[in-house]
$ cat query12.txt   # compact mmCIF, C-alpha atoms
# COMPACT_ATOMS: atom_id res chain seq x y z
CA MET A 19 -7.24 -24.55 -19.08
CA LEU A 20 -9.72 -24.87 -16.20
CA ARG A 21 -12.84 -26.97 -15.72
CA TYR A 22 -15.68 -26.41 -13.23
CA ASP A 23 -18.81 -28.46 -12.68
CA TYR A 24 -21.83 -26.31 -11.92
CA GLU A 25 -25.20 -27.10 -10.36
CA ILE A 26 -28.40 -25.07 -10.62
CA LYS A 27 -31.07 -25.73 -7.99
CA LEU A 28 -34.46 -24.15 -8.57
CA ILE A 29 -36.14 -22.60 -5.54
CA SER A 30 -39.25 -21.59 -7.48
CA GLU A 31 -41.07 -22.85 -10.57
CA CYS A 32 -39.25 -22.28 -13.84
CA GLU A 33 -40.93 -21.72 -17.21
CA ALA A 34 -37.84 -21.53 -19.39
CA GLY A 35 -39.49 -21.58 -22.82
CA SER A 36 -37.35 -22.86 -25.67
CA GLY A 37 -37.39 -19.53 -27.52
CA PHE A 38 -37.62 -21.38 -30.83
CA GLY A 39 -40.40 -21.63 -33.38
CA SER A 40 -44.00 -20.68 -32.79
CA GLU A 41 -45.82 -19.96 -29.53
CA LEU A 42 -46.48 -23.70 -29.13
CA VAL A 43 -42.80 -24.64 -29.24
CA ASN A 44 -41.75 -21.70 -27.08
CA SER A 45 -44.24 -22.79 -24.40
CA LEU A 46 -42.40 -26.09 -23.94
CA LEU A 47 -39.31 -26.69 -21.82
CA PRO A 48 -36.17 -27.05 -23.95
CA ARG A 49 -34.91 -30.61 -24.47
CA ASN A 50 -31.77 -32.06 -25.99
CA SER A 51 -31.54 -34.80 -28.63
CA ASP A 52 -31.98 -37.46 -25.91
CA GLY A 53 -35.23 -35.91 -24.72
CA ASN A 54 -33.74 -34.62 -21.45
CA ILE A 55 -34.92 -31.27 -20.09
CA ILE A 56 -32.17 -28.64 -20.35
CA ILE A 57 -31.41 -24.98 -19.92
CA PRO A 58 -29.44 -24.17 -23.10
CA ALA A 59 -25.82 -23.06 -22.73
CA SER A 60 -26.56 -19.93 -24.78
CA HIS A 61 -29.31 -18.96 -22.31
CA ILE A 62 -27.02 -19.34 -19.30
CA LYS A 63 -24.16 -17.52 -21.00
CA GLY A 64 -26.53 -14.66 -21.84
CA LEU A 65 -27.55 -14.39 -18.17
CA MET A 66 -23.87 -14.35 -17.16
CA ARG A 67 -23.09 -11.61 -19.66
CA SER A 68 -26.02 -9.52 -18.43
CA VAL A 69 -24.81 -9.81 -14.82
CA PHE A 70 -21.26 -8.86 -15.81
CA GLU A 71 -22.32 -5.89 -17.95
CA ASP A 72 -24.62 -4.55 -15.22
CA MET A 73 -21.76 -4.76 -12.73
CA GLY A 74 -19.29 -3.19 -15.16
CA GLY A 75 -21.61 -0.30 -15.97
CA CYS A 76 -21.64 0.64 -12.27
CA LEU A 77 -18.08 -0.10 -11.15
CA PHE A 78 -15.80 0.36 -14.20
CA PRO A 79 -17.78 2.01 -17.03
CA ASP A 80 -14.61 3.09 -18.87
CA LYS A 81 -13.42 -0.52 -19.07
CA LYS A 82 -16.79 -2.23 -19.37
CA GLU A 83 -16.66 -2.93 -23.13
CA PRO A 84 -13.08 -4.29 -23.36
CA ALA A 85 -13.58 -6.35 -20.19
CA THR A 86 -16.81 -7.84 -21.56
CA ASN A 87 -15.11 -8.67 -24.87
CA LEU A 88 -12.20 -10.28 -23.02
CA VAL A 89 -14.49 -12.64 -21.12
CA PHE A 90 -17.46 -13.20 -23.44
CA GLY A 91 -16.06 -12.34 -26.85
CA GLY A 92 -17.37 -9.89 -29.44
CA GLY A 93 -16.41 -6.36 -30.38
CA ALA A 94 -12.99 -5.90 -31.93
CA SER A 95 -9.58 -6.72 -30.55
CA GLU A 96 -6.43 -4.63 -30.92
CA THR A 97 -5.92 -6.20 -34.37
CA GLY A 98 -9.37 -5.14 -35.54
CA GLU A 99 -10.72 -8.70 -35.43
CA CYS A 100 -13.63 -10.00 -33.38
CA ALA A 101 -12.52 -11.22 -29.94
CA GLU A 102 -12.94 -14.86 -28.99
CA SER A 103 -14.83 -15.89 -25.84
CA GLY A 104 -12.60 -16.88 -22.95
CA PHE A 105 -14.71 -19.87 -21.91
CA ARG A 106 -17.12 -22.58 -23.03
CA ILE A 107 -20.21 -23.75 -21.16
CA SER A 108 -22.37 -26.83 -21.62
CA ASP A 109 -26.14 -27.08 -21.44
CA ALA A 110 -27.52 -27.49 -17.92
CA ILE A 111 -29.16 -30.94 -17.95
CA TYR A 112 -31.92 -31.95 -15.56
CA VAL A 113 -30.28 -34.70 -13.53
CA ASN A 114 -33.38 -36.83 -12.91
CA ASN A 115 -33.49 -37.87 -16.55
CA GLU A 116 -35.51 -41.07 -16.10
CA THR A 117 -38.51 -39.24 -14.65
CA SER A 118 -38.12 -35.86 -16.32
CA LYS A 119 -41.46 -36.12 -18.10
CA LYS A 120 -43.20 -36.70 -14.75
CA ASP A 121 -41.40 -33.87 -12.99
CA SER A 122 -42.46 -31.23 -15.50
CA PHE A 123 -46.04 -29.98 -15.43
CA LEU A 124 -48.38 -27.62 -17.26
CA ILE A 125 -49.57 -24.21 -16.04
CA THR A 126 -52.62 -22.63 -17.66
CA ARG A 127 -53.44 -18.92 -17.31
CA THR A 128 -55.90 -16.47 -18.74
CA THR A 129 -56.13 -12.67 -18.67
CA ILE A 130 -58.85 -11.11 -16.51
CA ASP A 131 -60.22 -7.70 -17.49
CA GLU A 132 -61.25 -4.88 -15.13
CA PHE A 133 -64.69 -6.47 -14.67
CA GLY A 134 -63.30 -9.85 -13.61
CA ARG A 135 -64.08 -11.52 -16.92
CA ALA A 136 -61.68 -13.77 -18.82
CA GLN A 137 -60.56 -12.10 -22.02
CA GLU A 138 -61.29 -13.94 -25.24
CA HIS A 139 -58.35 -15.86 -26.80
CA SER A 140 -56.11 -15.11 -23.78
CA LEU A 141 -55.85 -18.69 -22.48
CA ARG A 142 -52.19 -19.81 -22.45
CA THR A 143 -50.57 -23.05 -21.32
CA THR A 144 -46.85 -23.42 -20.60
CA GLU A 145 -44.66 -26.27 -19.38
CA ALA A 146 -42.74 -25.70 -16.15
CA LEU A 147 -40.10 -27.37 -13.99
CA GLY A 148 -40.86 -27.39 -10.27
CA ALA A 149 -38.97 -25.96 -7.32
CA GLY A 150 -36.26 -28.31 -6.06
CA ALA A 151 -35.25 -29.48 -9.53
CA VAL A 152 -31.49 -29.70 -10.11
CA LEU A 153 -29.67 -29.19 -13.41
CA LYS A 154 -25.96 -29.78 -13.97
CA GLY A 155 -23.33 -28.84 -16.51
CA GLU A 156 -19.69 -27.82 -16.88
CA ILE A 157 -17.62 -24.75 -17.69
CA ILE A 158 -14.24 -24.88 -19.43
CA ILE A 159 -12.11 -21.72 -19.23
CA ASN A 160 -9.22 -20.98 -21.59
CA ALA A 161 -7.20 -19.18 -18.92
CA ASP A 162 -5.15 -19.71 -15.79
CA LYS A 163 -6.51 -20.06 -12.27
CA ASP A 164 -7.40 -16.69 -10.68
CA SER A 165 -6.85 -14.82 -13.96
CA LEU A 166 -9.22 -11.99 -14.90
CA ILE A 167 -11.24 -14.31 -17.13
CA ASP A 168 -11.44 -17.07 -14.51
CA ILE A 169 -12.58 -14.69 -11.78
CA ALA A 170 -15.09 -12.95 -14.06
CA VAL A 171 -16.63 -16.23 -15.20
CA ARG A 172 -17.03 -17.53 -11.65
CA PHE A 173 -18.47 -14.23 -10.43
CA SER A 174 -20.97 -14.04 -13.30
CA MET A 175 -22.10 -17.64 -12.87
CA LEU A 176 -22.56 -17.48 -9.11
CA SER A 177 -24.40 -14.14 -9.36
CA ILE A 178 -27.29 -15.50 -11.45
CA MET A 179 -30.38 -15.31 -9.27
CA THR A 180 -33.15 -16.28 -11.72
CA ILE A 181 -33.13 -18.45 -14.83
CA GLY A 182 -35.74 -16.21 -16.44
CA GLY A 183 -33.67 -13.05 -16.07
CA ASN A 184 -35.87 -9.98 -15.63
CA ARG A 185 -39.11 -11.68 -16.70
CA ASN A 186 -41.93 -11.35 -14.18
CA ARG A 187 -43.46 -14.74 -14.98
CA GLY A 188 -41.79 -18.12 -14.57
CA SER A 189 -38.50 -16.52 -13.61
CA GLY A 190 -37.17 -19.62 -11.86
CA ALA A 191 -35.35 -18.28 -8.80
CA CYS A 192 -32.27 -20.42 -8.26
CA VAL A 193 -29.12 -21.10 -6.26
CA ILE A 194 -25.95 -21.99 -8.17
CA GLN A 195 -22.95 -23.92 -6.88
CA LEU A 196 -19.59 -24.13 -8.66
CA ALA A 197 -17.42 -27.09 -7.68
CA GLY A 198 -13.81 -26.11 -7.04
CA SER A 199 -14.58 -22.43 -6.42
CA GLU A 200 -14.21 -21.56 -2.76
CA LEU A 201 -14.99 -17.83 -3.02
CA GLY A 202 -18.45 -16.29 -3.16
CA PRO A 203 -19.58 -13.55 -5.58
CA GLY A 204 -18.58 -10.70 -3.23
CA ALA A 205 -15.03 -11.95 -2.71
CA LEU A 206 -14.65 -12.70 -6.43
CA LEU A 207 -15.81 -9.21 -7.36
CA LYS A 208 -13.32 -7.63 -4.96
CA LEU A 209 -10.52 -9.77 -6.41
CA PHE A 210 -11.55 -8.92 -9.98
CA LEU A 211 -11.55 -5.16 -9.33
CA THR A 212 -8.12 -5.37 -7.70
CA LYS A 213 -6.65 -7.21 -10.70
CA LEU A 214 -8.43 -4.98 -13.19
CA SER A 215 -6.76 -1.91 -11.71
CA VAL A 216 -3.25 -3.24 -12.42
CA GLU A 217 -3.63 -5.55 -15.45
CA SER A 218 -4.17 -4.73 -19.11
CA LEU A 219 -7.11 -6.07 -21.10
CA LYS A 220 -5.95 -8.02 -24.13
CA SER A 221 -8.52 -10.09 -26.01
CA ASN A 222 -7.75 -13.12 -28.16
CA PRO A 223 -8.78 -12.56 -31.79
CA ILE A 224 -10.76 -15.35 -33.46
CA LYS A 225 -8.63 -17.23 -35.97
CA GLN A 226 -10.22 -19.03 -38.87
CA ASN A 227 -7.75 -21.92 -38.60
CA ASN A 228 -8.31 -22.33 -34.85
CA ALA A 229 -11.10 -24.88 -35.24
CA ILE A 230 -9.79 -27.56 -32.84
CA GLN A 231 -8.21 -27.11 -29.43
CA ILE A 232 -6.70 -30.08 -27.59
CA LYS A 233 -5.28 -30.18 -24.09
CA ASP A 234 -3.07 -33.05 -22.95
CA GLY A 235 -4.31 -34.91 -19.90
CA ASP A 236 -8.09 -34.45 -19.81
CA LYS A 237 -8.22 -34.39 -23.63
CA VAL A 238 -10.75 -31.57 -23.97
CA VAL A 239 -11.47 -31.02 -27.66
CA PHE A 240 -13.43 -28.19 -29.29
CA ILE A 241 -14.63 -28.54 -32.86
CA LYS A 242 -16.10 -25.60 -34.76
CA LEU A 243 -18.55 -26.56 -37.50
CA ASN A 244 -19.96 -24.35 -40.23
CA PHE A 245 -23.01 -25.50 -42.19
CA GLU A 246 -24.00 -24.13 -45.59
CA SER A 247 -27.38 -25.05 -47.01
CA ASN A 248 -27.63 -26.23 -50.61
CA GLY A 249 -31.40 -25.94 -50.60
CA LYS A 250 -34.44 -24.84 -48.64
CA ILE A 251 -34.54 -25.51 -44.89
CA CYS A 252 -37.73 -26.78 -43.26
CA CYS A 253 -38.28 -26.00 -39.57
CA PRO A 254 -40.99 -28.28 -38.10
CA GLU A 255 -43.58 -27.03 -35.61
CA ILE A 256 -42.36 -29.50 -32.99
CA PRO A 257 -38.66 -30.54 -33.36

$ encode --input "query12.txt" --output "structure tokens"
Amino acid sequence: MLRYDYEIKLISECEAGSGFGSELVNSLLPRNSDGNIIIPASHIKGLMRSVFEDMGGCLFPDKKEPATNLVFGGGASETGECAESGFRISDAIYVNNETSKKDSFLITRTTIDEFGRAQEHSLRTTEALGAGAVLKGEIIINADKDSLIDIAVRFSMLSIMTIGGNRNRGSGACVIQLAGSELGPGALLKLFLTKLSVESLKSNPIKQNNAIQIKDGDKVVFIKLNFESNGKICCPEIP
């Protein structure tokens, strides 16, 4: 099992809406239960998967799907079961927690028509994080050093260029550093393609009884929780 600390430094403004609830909630920066600004782990993992799939579609289209399932999970393994992801990632937390409310700001825009007039009901306000902001998190990989999964995870993480993906507004151009990884994306890609040409792709099927994983030494523990509602669920406008 491997562990890497990662750091995301914004080099342009980032409007990473929460993606939850109504337009009001989605216009706000995501925050965790402590009120700290974050980029959710699911968002980052989605960006990594997109990078990996784009690369796979160009360089190894015949192995793209099994390779993606090996690293990110999904699909079906050789046993017919859904494949388990090869790594876990934490939320990226804005490191300047004590002044996070001061370091975010509001951007207001409106749509201008062909005659230079503001369109009615087009005024929108979003919360943004400024250039220079740093967010940190960790990645835990269930594989050996320099394995296919390890190399793919590091390549995908270091290849993220914008937090907003392909959006043309508030994309949040960024630079990512991965502590303990000496190779850059180009060298990692070359190493991955070399290993892919000689190694087989065998995914790990998800097991229902595999809820807790413990490693001696650093004592990393994963707990899988399933919630079943006994009644109606109320989702507030502002969490």

$ atom_distance --input "query12.txt" --atom1 "atom CA of A:Leu206" --atom2 "atom CA of A:Lys163"
12.4 Å

$ atom_distance --input "query12.txt" --atom1 "atom CA of A:Val216" --atom2 "atom CA of A:Leu196"
26.8 Å

$ atom_distance --input "query12.txt" --atom1 "atom CA of A:Ser30" --atom2 "atom CA of A:Ile194"
13.3 Å

$ residues_near_point --input "query12.txt" --point "(-50.1, -23.5, -14.4)" --cutoff "9 Å" --atoms "all atoms listed in the file" --output "number ranges by chain"
A: 123-127, 143-146

$ closest_residue --input "query12.txt" --among "A:Ser68, A:Ser140, A:Asn54, A:Asn248" --to "A:Gly182" --atoms "only C-alpha atoms"
A:Ser68

$ closest_residue --input "query12.txt" --among "A:Gly150, A:Pro79, A:Pro203, A:Gly92" --to "A:Tyr112" --atoms "only C-alpha atoms"
A:Gly150

$ residues_around --input "query12.txt" --residues "A:Ser174" --least-positions-apart "6" --cutoff "12 Å" --atoms "all atoms listed in the file" --output "list in words"
Ile62, Lys63, Gly64, Leu65, Met66, Arg67, Ser68, Val69, Phe70, Glu71, Asp72, Met73, Gly74, Thr86, Val89, Phe90, Ile167, Asp168, Ile194, Gln195, Leu196, Gly202, Pro203, Gly204, Leu206, Leu207 and Phe210 of chain A

$ closest_residue --input "query12.txt" --among "A:Asp80, A:Ile178, A:Ile111, A:Met19" --to "A:Ala191" --atoms "all atoms listed in the file"
A:Ile178
